[in-house]
Each structure stands twice: as structure tokens, then as C-alpha cells.
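Raw final06.pdb, PDB, C-alpha atoms:
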ATOM      1  CA  MET A   1       9.915  54.902 134.049  1.00  0.00           C
ATOM      2  CA  ARG A   2      11.459  57.371 131.648  1.00  0.00           C
ATOM      3  CA  ASP A   3      13.529  56.190 128.691  1.00  0.00           C
ATOM      4  CA  MET A   4      15.788  59.163 128.148  1.00  0.00           C
ATOM      5  CA  HIS A   5      17.862  57.904 125.220  1.00  0.00           C
ATOM      6  CA  CYS A   6      16.407  56.185 122.160  1.00  0.00           C
ATOM      7  CA  HIS A   7      16.271  56.472 118.385  1.00  0.00           C
ATOM      8  CA  ILE A   8      12.545  56.132 117.887  1.00  0.00           C
ATOM      9  CA  LEU A   9      11.921  59.016 115.472  1.00  0.00           C
ATOM     10  CA  PRO A  10      11.010  57.834 111.975  1.00  0.00           C
ATOM     11  CA  GLY A  11      13.484  58.114 109.131  1.00  0.00           C
ATOM     12  CA  VAL A  12      16.009  60.562 110.547  1.00  0.00           C
ATOM     13  CA  ASP A  13      18.987  58.462 111.696  1.00  0.00           C
ATOM     14  CA  ASP A  14      19.984  54.794 112.100  1.00  0.00           C
ATOM     15  CA  GLY A  15      16.957  54.100 114.307  1.00  0.00           C
ATOM     16  CA  ALA A  16      13.340  53.605 113.212  1.00  0.00           C
ATOM     17  CA  SER A  17      13.145  53.661 109.425  1.00  0.00           C
ATOM     18  CA  ASN A  18       9.521  54.804 109.199  1.00  0.00           C
ATOM     19  CA  LEU A  19       6.486  55.692 111.292  1.00  0.00           C
ATOM     20  CA  ASP A  20       5.260  52.104 111.415  1.00  0.00           C
ATOM     21  CA  GLU A  21       8.517  50.956 112.994  1.00  0.00           C
ATOM     22  CA  SER A  22       8.413  53.902 115.401  1.00  0.00           C
ATOM     23  CA  LEU A  23       4.970  52.811 116.593  1.00  0.00           C
ATOM     24  CA  HIS A  24       6.171  49.214 117.000  1.00  0.00           C
ATOM     25  CA  MET A  25       9.010  50.579 119.136  1.00  0.00           C
ATOM     26  CA  LEU A  26       6.511  52.550 121.177  1.00  0.00           C
ATOM     27  CA  ASP A  27       4.477  49.396 121.821  1.00  0.00           C
ATOM     28  CA  ALA A  28       7.654  47.544 122.833  1.00  0.00           C
ATOM     29  CA  ALA A  29       8.578  50.389 125.185  1.00  0.00           C
ATOM     30  CA  ARG A  30       5.186  50.168 126.882  1.00  0.00           C
ATOM     31  CA  ARG A  31       5.594  46.418 127.339  1.00  0.00           C
ATOM     32  CA  ALA A  32       8.996  47.023 128.920  1.00  0.00           C
ATOM     33  CA  GLY A  33       7.401  49.343 131.486  1.00  0.00           C
ATOM     34  CA  VAL A  34       8.353  52.690 129.959  1.00  0.00           C
ATOM     35  CA  THR A  35       5.928  55.484 130.848  1.00  0.00           C
ATOM     36  CA  SER A  36       7.609  58.416 129.069  1.00  0.00           C
ATOM     37  CA  ILE A  37      10.256  58.853 126.381  1.00  0.00           C
ATOM     38  CA  VAL A  38      12.800  61.479 125.442  1.00  0.00           C
ATOM     39  CA  CYS A  39      13.421  61.088 121.714  1.00  0.00           C
ATOM     40  CA  THR A  40      17.144  61.576 121.102  1.00  0.00           C
ATOM     41  CA  PRO A  41      18.158  61.333 117.435  1.00  0.00           C
ATOM     42  CA  HIS A  42      21.841  61.568 116.590  1.00  0.00           C
ATOM     43  CA  CYS A  43      23.388  64.998 116.395  1.00  0.00           C
ATOM     44  CA  ARG A  44      26.367  63.829 114.375  1.00  0.00           C
ATOM     45  CA  ASP A  45      27.266  63.259 110.750  1.00  0.00           C
ATOM     46  CA  PRO A  46      25.831  61.925 108.516  1.00  0.00           C
ATOM     47  CA  TYR A  47      22.410  62.087 110.169  1.00  0.00           C
ATOM     48  CA  PHE A  48      21.883  65.531 111.631  1.00  0.00           C
ATOM     49  CA  ASP A  49      19.020  67.530 110.112  1.00  0.00           C
ATOM     50  CA  TYR A  50      17.510  69.682 112.861  1.00  0.00           C
ATOM     51  CA  ASN A  51      14.298  70.658 111.098  1.00  0.00           C
ATOM     52  CA  ALA A  52      13.632  67.161 109.740  1.00  0.00           C
ATOM     53  CA  MET A  53      14.120  65.718 113.217  1.00  0.00           C
ATOM     54  CA  TRP A  54      11.605  68.108 114.742  1.00  0.00           C
ATOM     55  CA  ASP A  55       9.180  67.284 111.914  1.00  0.00           C
ATOM     56  CA  ALA A  56       9.621  63.572 112.710  1.00  0.00           C
ATOM     57  CA  PHE A  57       8.998  64.239 116.391  1.00  0.00           C
ATOM     58  CA  GLU A  58       5.768  66.071 115.651  1.00  0.00           C
ATOM     59  CA  LEU A  59       4.650  63.260 113.322  1.00  0.00           C
ATOM     60  CA  LEU A  60       5.294  60.612 115.978  1.00  0.00           C
ATOM     61  CA  GLN A  61       3.631  62.717 118.662  1.00  0.00           C
ATOM     62  CA  GLU A  62       0.547  63.038 116.454  1.00  0.00           C
ATOM     63  CA  HIS A  63       0.253  59.235 116.226  1.00  0.00           C
ATOM     64  CA  ALA A  64       1.388  58.301 119.751  1.00  0.00           C
ATOM     65  CA  GLY A  65      -2.082  58.354 121.298  1.00  0.00           C
ATOM     66  CA  GLY A  66      -1.117  60.804 124.010  1.00  0.00           C
ATOM     67  CA  PHE A  67       1.928  58.829 125.195  1.00  0.00           C
ATOM     68  CA  PRO A  68       4.299  61.344 126.878  1.00  0.00           C
ATOM     69  CA  LEU A  69       7.096  62.264 124.471  1.00  0.00           C
ATOM     70  CA  ARG A  70       9.769  64.950 124.708  1.00  0.00           C
ATOM     71  CA  MET A  71      12.363  66.024 122.201  1.00  0.00           C
ATOM     72  CA  GLY A  72      16.101  65.907 122.763  1.00  0.00           C
ATOM     73  CA  PHE A  73      19.287  64.973 120.942  1.00  0.00           C
ATOM     74  CA  GLU A  74      22.245  62.668 121.467  1.00  0.00           C
ATOM     75  CA  VAL A  75      24.898  65.290 120.833  1.00  0.00           C
ATOM     76  CA  ASN A  76      28.269  64.113 119.600  1.00  0.00           C
ATOM     77  CA  HIS A  77      31.060  66.262 121.027  1.00  0.00           C
ATOM     78  CA  ALA A  78      32.811  66.742 117.688  1.00  0.00           C
ATOM     79  CA  LYS A  79      29.548  67.847 116.060  1.00  0.00           C
ATOM     80  CA  LEU A  80      28.874  70.272 118.907  1.00  0.00           C
ATOM     81  CA  MET A  81      32.312  71.822 118.366  1.00  0.00           C
ATOM     82  CA  GLU A  82      31.515  72.143 114.651  1.00  0.00           C
ATOM     83  CA  LEU A  83      28.121  73.753 115.270  1.00  0.00           C
ATOM     84  CA  GLY A  84      29.299  75.984 118.110  1.00  0.00           C
ATOM     85  CA  MET A  85      28.074  76.452 121.658  1.00  0.00           C
ATOM     86  CA  GLN A  86      25.328  78.799 120.454  1.00  0.00           C
ATOM     87  CA  TRP A  87      23.469  75.605 119.491  1.00  0.00           C
ATOM     88  CA  VAL A  88      23.340  74.245 123.026  1.00  0.00           C
ATOM     89  CA  SER A  89      19.874  75.541 123.932  1.00  0.00           C
ATOM     90  CA  ARG A  90      18.448  74.006 120.740  1.00  0.00           C
ATOM     91  CA  LEU A  91      19.997  70.595 121.439  1.00  0.00           C
ATOM     92  CA  ALA A  92      19.208  70.211 125.146  1.00  0.00           C
ATOM     93  CA  PHE A  93      16.141  68.265 126.251  1.00  0.00           C
ATOM     94  CA  ASP A  94      13.139  70.373 125.291  1.00  0.00           C
ATOM     95  CA  GLY A  95      11.682  72.246 128.237  1.00  0.00           C
ATOM     96  CA  GLY A  96      14.465  71.273 130.627  1.00  0.00           C
ATOM     97  CA  HIS A  97      18.108  71.643 131.596  1.00  0.00           C
ATOM     98  CA  GLU A  98      19.502  68.223 130.678  1.00  0.00           C
ATOM     99  CA  PHE A  99      22.048  67.762 127.894  1.00  0.00           C
ATOM    100  CA  LEU A 100      22.928  64.305 126.523  1.00  0.00           C
ATOM    101  CA  LEU A 101      26.558  64.335 125.392  1.00  0.00           C
ATOM    102  CA  GLU A 102      28.212  61.558 123.379  1.00  0.00           C
ATOM    103  CA  LEU A 103      31.998  61.280 123.523  1.00  0.00           C
ATOM    104  CA  SER A 104      34.295  59.411 121.164  1.00  0.00           C
ATOM    105  CA  THR A 105      34.463  55.672 121.784  1.00  0.00           C
ATOM    106  CA  VAL A 106      38.143  55.602 120.821  1.00  0.00           C
ATOM    107  CA  ALA A 107      39.394  58.735 122.578  1.00  0.00           C
ATOM    108  CA  ASP A 108      42.310  58.409 124.992  1.00  0.00           C
ATOM    109  CA  LYS A 109      42.542  60.019 128.419  1.00  0.00           C
ATOM    110  CA  LEU A 110      44.225  63.141 127.031  1.00  0.00           C
ATOM    111  CA  LYS A 111      41.182  63.849 124.849  1.00  0.00           C
ATOM    112  CA  PHE A 112      39.067  63.872 128.002  1.00  0.00           C
ATOM    113  CA  ASP A 113      40.817  67.106 129.052  1.00  0.00           C
ATOM    114  CA  GLU A 114      39.127  68.781 126.064  1.00  0.00           C
ATOM    115  CA  TYR A 115      35.824  67.160 126.983  1.00  0.00           C
ATOM    116  CA  GLU A 116      36.101  68.532 130.505  1.00  0.00           C
ATOM    117  CA  ARG A 117      36.375  72.097 129.210  1.00  0.00           C
ATOM    118  CA  THR A 118      33.175  71.625 127.208  1.00  0.00           C
ATOM    119  CA  ILE A 119      31.414  70.022 130.171  1.00  0.00           C
ATOM    120  CA  PHE A 120      32.343  72.896 132.466  1.00  0.00           C
ATOM    121  CA  GLU A 121      31.062  75.368 129.875  1.00  0.00           C
ATOM    122  CA  LEU A 122      27.755  73.488 129.595  1.00  0.00           C
ATOM    123  CA  GLN A 123      27.431  73.406 133.373  1.00  0.00           C
ATOM    124  CA  GLY A 124      28.178  77.112 133.522  1.00  0.00           C
ATOM    125  CA  MET A 125      25.229  77.619 131.182  1.00  0.00           C
ATOM    126  CA  GLY A 126      23.017  75.838 133.707  1.00  0.00           C
ATOM    127  CA  TYR A 127      22.806  72.373 132.143  1.00  0.00           C
ATOM    128  CA  THR A 128      23.072  68.962 133.769  1.00  0.00           C
ATOM    129  CA  VAL A 129      25.426  67.014 131.525  1.00  0.00           C
ATOM    130  CA  ILE A 130      24.469  63.374 130.946  1.00  0.00           C
ATOM    131  CA  ILE A 131      27.239  61.267 129.428  1.00  0.00           C
ATOM    132  CA  ALA A 132      25.838  58.725 126.963  1.00  0.00           C
ATOM    133  CA  HIS A 133      26.960  55.078 127.325  1.00  0.00           C
ATOM    134  CA  PRO A 134      30.363  55.525 129.059  1.00  0.00           C
ATOM    135  CA  GLU A 135      30.744  51.721 129.099  1.00  0.00           C
ATOM    136  CA  ARG A 136      31.529  51.947 125.356  1.00  0.00           C
ATOM    137  CA  TYR A 137      34.428  54.368 125.738  1.00  0.00           C
ATOM    138  CA  ARG A 138      37.875  52.835 125.416  1.00  0.00           C
ATOM    139  CA  ALA A 139      39.284  55.267 127.986  1.00  0.00           C
ATOM    140  CA  VAL A 140      36.720  54.117 130.585  1.00  0.00           C
ATOM    141  CA  GLN A 141      37.280  50.472 129.727  1.00  0.00           C
ATOM    142  CA  LYS A 142      41.006  50.913 130.312  1.00  0.00           C
ATOM    143  CA  ASP A 143      40.733  53.041 133.459  1.00  0.00           C
ATOM    144  CA  ILE A 144      37.601  53.418 135.585  1.00  0.00           C
ATOM    145  CA  GLU A 145      39.112  56.590 137.026  1.00  0.00           C
ATOM    146  CA  VAL A 146      37.989  58.385 133.857  1.00  0.00           C
ATOM    147  CA  ALA A 147      34.366  57.679 134.813  1.00  0.00           C
ATOM    148  CA  ARG A 148      35.041  58.694 138.415  1.00  0.00           C
ATOM    149  CA  ARG A 149      36.405  62.041 137.186  1.00  0.00           C
ATOM    150  CA  LEU A 150      33.269  62.675 135.130  1.00  0.00           C
ATOM    151  CA  VAL A 151      31.047  61.993 138.128  1.00  0.00           C
ATOM    152  CA  LYS A 152      33.187  64.173 140.395  1.00  0.00           C
ATOM    153  CA  MET A 153      32.704  66.967 137.863  1.00  0.00           C
ATOM    154  CA  GLY A 154      28.943  66.653 138.339  1.00  0.00           C
ATOM    155  CA  CYS A 155      28.106  64.618 135.236  1.00  0.00           C
ATOM    156  CA  LYS A 156      25.422  61.948 135.249  1.00  0.00           C
ATOM    157  CA  LEU A 157      26.373  58.665 133.572  1.00  0.00           C
ATOM    158  CA  GLN A 158      23.832  56.859 131.374  1.00  0.00           C
ATOM    159  CA  VAL A 159      24.441  53.178 130.685  1.00  0.00           C
ATOM    160  CA  SER A 160      22.649  51.616 127.710  1.00  0.00           C
ATOM    161  CA  ALA A 161      20.550  48.548 128.491  1.00  0.00           C
ATOM    162  CA  ASP A 162      22.154  46.390 125.814  1.00  0.00           C
ATOM    163  CA  PHE A 163      25.131  45.937 128.146  1.00  0.00           C
ATOM    164  CA  VAL A 164      23.221  42.959 129.590  1.00  0.00           C
ATOM    165  CA  ALA A 165      23.949  41.123 126.327  1.00  0.00           C
ATOM    166  CA  GLY A 166      27.492  42.443 125.940  1.00  0.00           C
ATOM    167  CA  GLY A 167      26.665  45.697 124.191  1.00  0.00           C
ATOM    168  CA  ARG A 168      26.986  46.842 120.599  1.00  0.00           C
ATOM    169  CA  LEU A 169      30.710  46.092 120.459  1.00  0.00           C
ATOM    170  CA  GLY A 170      30.513  42.912 122.522  1.00  0.00           C
ATOM    171  CA  ARG A 171      32.711  44.068 125.366  1.00  0.00           C
ATOM    172  CA  GLU A 172      30.588  46.506 127.375  1.00  0.00           C
ATOM    173  CA  LYS A 173      29.137  44.173 129.995  1.00  0.00           C
ATOM    174  CA  LYS A 174      32.218  44.088 132.229  1.00  0.00           C
ATOM    175  CA  PRO A 175      32.819  47.876 132.317  1.00  0.00           C
ATOM    176  CA  ALA A 176      29.098  48.527 132.833  1.00  0.00           C
ATOM    177  CA  LYS A 177      28.991  46.168 135.807  1.00  0.00           C
ATOM    178  CA  ARG A 178      32.064  47.912 137.223  1.00  0.00           C
ATOM    179  CA  LEU A 179      30.293  51.266 136.937  1.00  0.00           C
ATOM    180  CA  PHE A 180      27.331  49.836 138.849  1.00  0.00           C
ATOM    181  CA  GLU A 181      29.564  48.311 141.499  1.00  0.00           C
ATOM    182  CA  GLU A 182      31.091  51.728 142.155  1.00  0.00           C
ATOM    183  CA  ASN A 183      27.630  53.382 142.169  1.00  0.00           C
ATOM    184  CA  LEU A 184      28.619  55.683 139.309  1.00  0.00           C
ATOM    185  CA  VAL A 185      25.512  55.157 137.146  1.00  0.00           C
ATOM    186  CA  SER A 186      22.627  57.607 137.268  1.00  0.00           C
ATOM    187  CA  PHE A 187      20.486  56.250 134.412  1.00  0.00           C
ATOM    188  CA  ILE A 188      19.812  53.123 132.398  1.00  0.00           C
ATOM    189  CA  ALA A 189      18.264  53.894 129.007  1.00  0.00           C
ATOM    190  CA  SER A 190      17.281  51.690 126.097  1.00  0.00           C
ATOM    191  CA  ASP A 191      19.318  53.422 123.366  1.00  0.00           C
ATOM    192  CA  ALA A 192      16.809  51.500 121.267  1.00  0.00           C
ATOM    193  CA  HIS A 193      17.122  51.513 117.486  1.00  0.00           C
ATOM    194  CA  ARG A 194      14.676  48.647 116.899  1.00  0.00           C
ATOM    195  CA  PRO A 195      11.620  47.292 118.780  1.00  0.00           C
ATOM    196  CA  GLU A 196      13.560  44.261 120.037  1.00  0.00           C
ATOM    197  CA  HIS A 197      16.062  46.488 121.798  1.00  0.00           C
ATOM    198  CA  TYR A 198      13.419  47.145 124.449  1.00  0.00           C
ATOM    199  CA  ASP A 199      13.804  43.514 125.498  1.00  0.00           C
ATOM    200  CA  TYR A 200      17.209  44.520 126.860  1.00  0.00           C
ATOM    201  CA  LEU A 201      15.639  47.333 128.836  1.00  0.00           C
ATOM    202  CA  ALA A 202      13.051  44.977 130.330  1.00  0.00           C
ATOM    203  CA  ARG A 203      15.840  42.546 131.272  1.00  0.00           C
ATOM    204  CA  ALA A 204      17.988  45.308 132.767  1.00  0.00           C
ATOM    205  CA  ARG A 205      15.009  46.585 134.725  1.00  0.00           C
ATOM    206  CA  ARG A 206      14.387  43.087 136.100  1.00  0.00           C
ATOM    207  CA  ASP A 207      18.039  42.304 136.886  1.00  0.00           C
ATOM    208  CA  TYR A 208      18.758  45.736 138.386  1.00  0.00           C
ATOM    209  CA  SER A 209      15.388  46.422 140.010  1.00  0.00           C
ATOM    210  CA  VAL A 210      17.053  46.874 143.407  1.00  0.00           C
ATOM    211  CA  ARG A 211      18.784  49.896 141.905  1.00  0.00           C
ATOM    212  CA  GLY A 212      15.581  51.872 141.424  1.00  0.00           C
ATOM    213  CA  ALA A 213      17.442  55.161 141.169  1.00  0.00           C
ATOM    214  CA  HIS A 214      18.667  54.075 137.767  1.00  0.00           C
ATOM    215  CA  PHE A 215      15.141  54.103 136.356  1.00  0.00           C
ATOM    216  CA  LYS A 216      14.099  57.479 137.710  1.00  0.00           C
ATOM    217  CA  SER A 217      11.956  59.799 135.641  1.00  0.00           C
TER     218      SER A 217
END
Output the structure of this file as C-alpha cells.
Amino acid sequence: MRDMHCHILPGVDDGASNLDESLHMLDAARRAGVTSIVCTPHCRDPYFDYNAMWDAFELLQEHAGGFPLRMGFEVNHAKLMELGMQWVSRLAFDGGHEFLLELSTVADKLKFDEYERTIFELQGMGYTVIIAHPERYRAVQKDIEVARRLVKMGCKLQVSADFVAGGRLGREKKPAKRLFEENLVSFIASDAHRPEHYDYLARARRDYSVRGAHFKS
């Protein structure tokens, strides 16, 4: 089982604070049944430091005992617009054609027209666009059609496992379940920032085991 969204790299964002905590997270991931990880630190202010994040990845990889790790980023749309599309190849999952895109949690439906232009451009560059935690987006919570539009465009939707406990904002369980009911979800990921967050992934894996496609590698 691949965990394709987590904040396990030491000391680079609001996830693991140091290498010791990163290794505790790695142990927790193993216990939850994870067999490979894409490390996805935040590409948004105030955290983004590209070189420091790669240094942290290499440090964790050195101490991971051969556990399969890949590098990626959780790319905030506003930050991508600031950096420019010439950054896309550096922010996609290393060695692949997947791009994890984070949208604004408070954006309205009109803002999604701008997002669609970016998504089409990314797809035109050959990338599969994965939308991070759509259950957190106010526009999706208000109108499931927003999520349907993203899927019709060819996006993959990634729900974060903490929805089983209500989510970070306490109101994501209902929209997440609606996304599952409509078969709109392609991935469940931990979005782990702490070792205990992998408990949510283990619970989601147990409760949604009949939906094996959502744990694909």
C-alpha cells in the first residue's frame, strides 16, 4: 500500500520536527500496512525551501533501512502561480507523471474556473493531476458537482484518512463519505504530520477495505 501524501520529512514544514520523529512516523506507517511512501512537504508559504526539502529527503532515505521512499510535493495552487509553470517538473512526483495539487479550502466555485485552466495546462504537459483532500474544500462541501467536474476533467481525488474522525476542521467526514458514495475517490492517503495520524490510515483501511482501489500503489 502506497501512502502518497504525508509530511514525514524532518524539520521542513509543519510535519515531523526532526529525524527521530520522522523515524517514529515511518514505524507507524509500517504498522498501518504502508509498503511505500511518497514524501510530500508543503510547497506553500511559509514552509517552501526546495533545496532544504531535498536534503531532508536524502537524510531520511539514508536512515530508512531501505524502506521505499520517493520525493514529491503538496503544491499549493497560489504558490505554483507565484513560482511559475516552469517549476512543474521539479514539483511533480520524482520519476513519474503525478502532480499533487492543493486548492484553497475557502475558494468559491468561480475560483475553480481558474483552477481548471491550470489543471488543463498540467495535463497538457503530460501529468496526472491529483487533487489533495477535496473533502476540505468549502466549494465541494457546498456542492458535490464541483468534485464531479474535477473527475470529469480527468483529475484523481485524494481523500485524507483523518476524515474518519471528522478531519482537521471537524466537518470533513460527511463530504468524504459522499465522495465515496459517488465513487469519485481514487486515493486515500494519511496526510500524516505525526506518528499517531497513521492510526487514522489503519482505521480507514479497515473500514474501507472493500474499496481496494483506494489503496492502490
Specify as JSON, numbers by chain each residue included when the PyMOL selection byres ((chain A and resi 127) around 9) is applied to this file. {"A": [92, 96, 97, 98, 99, 122, 123, 124, 125, 126, 128, 129]}
Kindly provide, as a list in words, the polymer residues lying within 8 Å of (35.9, 47.0, 126.2), counting only C-alpha atoms and using the coordinates exactly as they appear in the file.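 Looking at atoms near the point gives Glu135, Arg136, Tyr137, Arg138, Gln141, Lys142, Leu169, Gly170, Arg171, Glu172, Lys174 and Pro175 of chain A.
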Output for the residues just chosen: C-alpha atoms as a PDB file, in the coordinates of the input:
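After the write, selection37.pdb holds the following:
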ATOM      1  CA  GLU A 135      30.744  51.721 129.099  1.00  0.00           C
ATOM      2  CA  ARG A 136      31.529  51.947 125.356  1.00  0.00           C
ATOM      3  CA  TYR A 137      34.428  54.368 125.738  1.00  0.00           C
ATOM      4  CA  ARG A 138      37.875  52.835 125.416  1.00  0.00           C
ATOM      5  CA  GLN A 141      37.280  50.472 129.727  1.00  0.00           C
ATOM      6  CA  LYS A 142      41.006  50.913 130.312  1.00  0.00           C
ATOM      7  CA  LEU A 169      30.710  46.092 120.459  1.00  0.00           C
ATOM      8  CA  GLY A 170      30.513  42.912 122.522  1.00  0.00           C
ATOM      9  CA  ARG A 171      32.711  44.068 125.366  1.00  0.00           C
ATOM     10  CA  GLU A 172      30.588  46.506 127.375  1.00  0.00           C
ATOM     11  CA  LYS A 174      32.218  44.088 132.229  1.00  0.00           C
ATOM     12  CA  PRO A 175      32.819  47.876 132.317  1.00  0.00           C
TER      13      PRO A 175
END
Explicit residues for the PyMOL selection byres ((chain A and resi 37) around 6) (as JSON, numbers by chain): {"A": [2, 3, 4, 36, 38, 69]}
Residue with smallest distance to Ala16 in chain A - pool A:Ala52, A:Met85, A:Ala204, A:Ala192, counting all atoms listed in the file: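 With all atoms listed in the file as the atom set, the closest residue is A:Ala192.
Atom pair CA of Phe67 in chain A / CA of Asp13 in chain A has a distance of 21.8 Å (rounded to one decimal).
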Can you give me, as number ranges by chain, the residues this file yields under the PyMOL selection byres ((chain A and resi 40) around 6)? A: 5-7, 39, 41, 72-74
Range 131-146 of chain A: axis-aligned bounding box, 4 Å on each side, centre and edge lengths in Å, one decimal, as lines of an AutoDock Vina configuration file:
center_x = 33.4
center_y = 55.9
center_z = 131.2
size_x = 23.2
size_y = 18.8
size_z = 19.7
Shell around Arg194 in chain A at 12 Å using all atoms listed in the file, local window under 5 positions removed, as an MDAnalysis selection string: chainID A and resid 6:10 13:18 20:29 162 199:200
Skipping near chain neighbours, those fewer than 4 positions away, what residues fall within 9 Å of Met153 in chain A using all atoms listed in the file, listed as a list in words?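 Listing them by chain and then by number gives Glu116, Ile119, Phe120, Arg148 and Arg149 of chain A.
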Near Tyr47 in chain A, counting only C-alpha atoms, which residues have an atom at most 7 Å away, once you skip same-chain residues fewer than 4 positions from it, shown as a ChimeraX atom specification? /A:12-13,42-43
Between A:Asp55, A:Gln61, A:Met1, A:Tyr50, single out the one closest to Trp87 in chain A, counting all atoms listed in the file. A:Tyr50
Between CA of Lys177 in chain A and CA of Ala107 in chain A - distance in Å to one decimal: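 Computing the Euclidean distance for CA of Ala107 in chain A and CA of Lys177 in chain A yields 21.0 Å.
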I'd like the interatomic distance between CA of Leu100 in chain A and CA of Val88 in chain A, to a tenth of an Å. 10.5 Å
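With all atoms listed in the file as the atoms that count, the residue of A:Val146, A:Leu91, A:Leu60, A:Leu184 with the shortest distance to Gly11 in chain A is A:Leu60.
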Which of A:Arg178, A:Ala161, A:Tyr115, A:Ser190 sits closest to Asp207 in chain A [using all atoms listed in the file]: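 Of the candidates, the smallest distance to Asp207 in chain A is held by A:Ala161.
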For Ser104 in chain A, work out the shell of residues within 12 Å, counting all atoms listed in the file and skipping chain neighbours fewer than 2 positions away, then give it as a PyMOL selection string. chain A and resi 44+75-79+101-102+106-109+111-112+114-115+131-140
Rebuild N, CA, C and O atoms on range 163-175 of chain A, as a PDB file, in the coordinates of the input?
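And here is the file that came out, selection-v6.pdb:
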ATOM      1  N   PHE A 163      23.955  46.488 127.469  1.00  0.00           N
ATOM      2  CA  PHE A 163      25.131  45.937 128.146  1.00  0.00           C
ATOM      3  C   PHE A 163      24.836  44.552 128.712  1.00  0.00           C
ATOM      4  O   PHE A 163      25.754  43.734 128.878  1.00  0.00           O
ATOM      5  N   VAL A 164      23.565  44.256 129.006  1.00  0.00           N
ATOM      6  CA  VAL A 164      23.221  42.959 129.590  1.00  0.00           C
ATOM      7  C   VAL A 164      23.549  41.814 128.635  1.00  0.00           C
ATOM      8  O   VAL A 164      23.727  40.667 129.063  1.00  0.00           O
ATOM      9  N   ALA A 165      23.615  42.135 127.328  1.00  0.00           N
ATOM     10  CA  ALA A 165      23.949  41.123 126.327  1.00  0.00           C
ATOM     11  C   ALA A 165      25.343  41.342 125.752  1.00  0.00           C
ATOM     12  O   ALA A 165      25.687  40.773 124.720  1.00  0.00           O
ATOM     13  N   GLY A 166      26.138  42.186 126.409  1.00  0.00           N
ATOM     14  CA  GLY A 166      27.492  42.443 125.940  1.00  0.00           C
ATOM     15  C   GLY A 166      27.674  43.773 125.267  1.00  0.00           C
ATOM     16  O   GLY A 166      28.788  44.253 125.103  1.00  0.00           O
ATOM     17  N   GLY A 167      26.572  44.388 124.821  1.00  0.00           N
ATOM     18  CA  GLY A 167      26.665  45.697 124.191  1.00  0.00           C
ATOM     19  C   GLY A 167      26.838  45.618 122.690  1.00  0.00           C
ATOM     20  O   GLY A 167      26.963  44.547 122.098  1.00  0.00           O
ATOM     21  N   ARG A 168      26.871  46.779 122.057  1.00  0.00           N
ATOM     22  CA  ARG A 168      26.986  46.842 120.599  1.00  0.00           C
ATOM     23  C   ARG A 168      28.326  46.294 120.112  1.00  0.00           C
ATOM     24  O   ARG A 168      28.422  45.702 119.051  1.00  0.00           O
ATOM     25  N   LEU A 169      29.382  46.515 120.874  1.00  0.00           N
ATOM     26  CA  LEU A 169      30.710  46.092 120.459  1.00  0.00           C
ATOM     27  C   LEU A 169      31.133  44.780 121.101  1.00  0.00           C
ATOM     28  O   LEU A 169      32.227  44.293 120.861  1.00  0.00           O
ATOM     29  N   GLY A 170      30.254  44.211 121.939  1.00  0.00           N
ATOM     30  CA  GLY A 170      30.513  42.912 122.522  1.00  0.00           C
ATOM     31  C   GLY A 170      31.378  42.890 123.756  1.00  0.00           C
ATOM     32  O   GLY A 170      31.654  41.831 124.310  1.00  0.00           O
ATOM     33  N   ARG A 171      31.810  44.053 124.223  1.00  0.00           N
ATOM     34  CA  ARG A 171      32.711  44.068 125.366  1.00  0.00           C
ATOM     35  C   ARG A 171      32.297  45.093 126.439  1.00  0.00           C
ATOM     36  O   ARG A 171      33.126  45.521 127.233  1.00  0.00           O
ATOM     37  N   GLU A 172      31.015  45.454 126.450  1.00  0.00           N
ATOM     38  CA  GLU A 172      30.588  46.506 127.375  1.00  0.00           C
ATOM     39  C   GLU A 172      30.023  45.980 128.688  1.00  0.00           C
ATOM     40  O   GLU A 172      29.815  46.766 129.617  1.00  0.00           O
ATOM     41  N   LYS A 173      29.770  44.697 128.787  1.00  0.00           N
ATOM     42  CA  LYS A 173      29.137  44.173 129.995  1.00  0.00           C
ATOM     43  C   LYS A 173      30.032  44.347 131.223  1.00  0.00           C
ATOM     44  O   LYS A 173      29.582  44.817 132.271  1.00  0.00           O
ATOM     45  N   LYS A 174      31.300  43.995 131.092  1.00  0.00           N
ATOM     46  CA  LYS A 174      32.218  44.088 132.229  1.00  0.00           C
ATOM     47  C   LYS A 174      32.393  45.528 132.715  1.00  0.00           C
ATOM     48  O   LYS A 174      32.263  45.798 133.919  1.00  0.00           O
ATOM     49  N   PRO A 175      32.694  46.494 131.828  1.00  0.00           N
ATOM     50  CA  PRO A 175      32.819  47.876 132.317  1.00  0.00           C
ATOM     51  C   PRO A 175      31.516  48.425 132.882  1.00  0.00           C
ATOM     52  O   PRO A 175      31.536  49.191 133.852  1.00  0.00           O
TER      53      PRO A 175
END
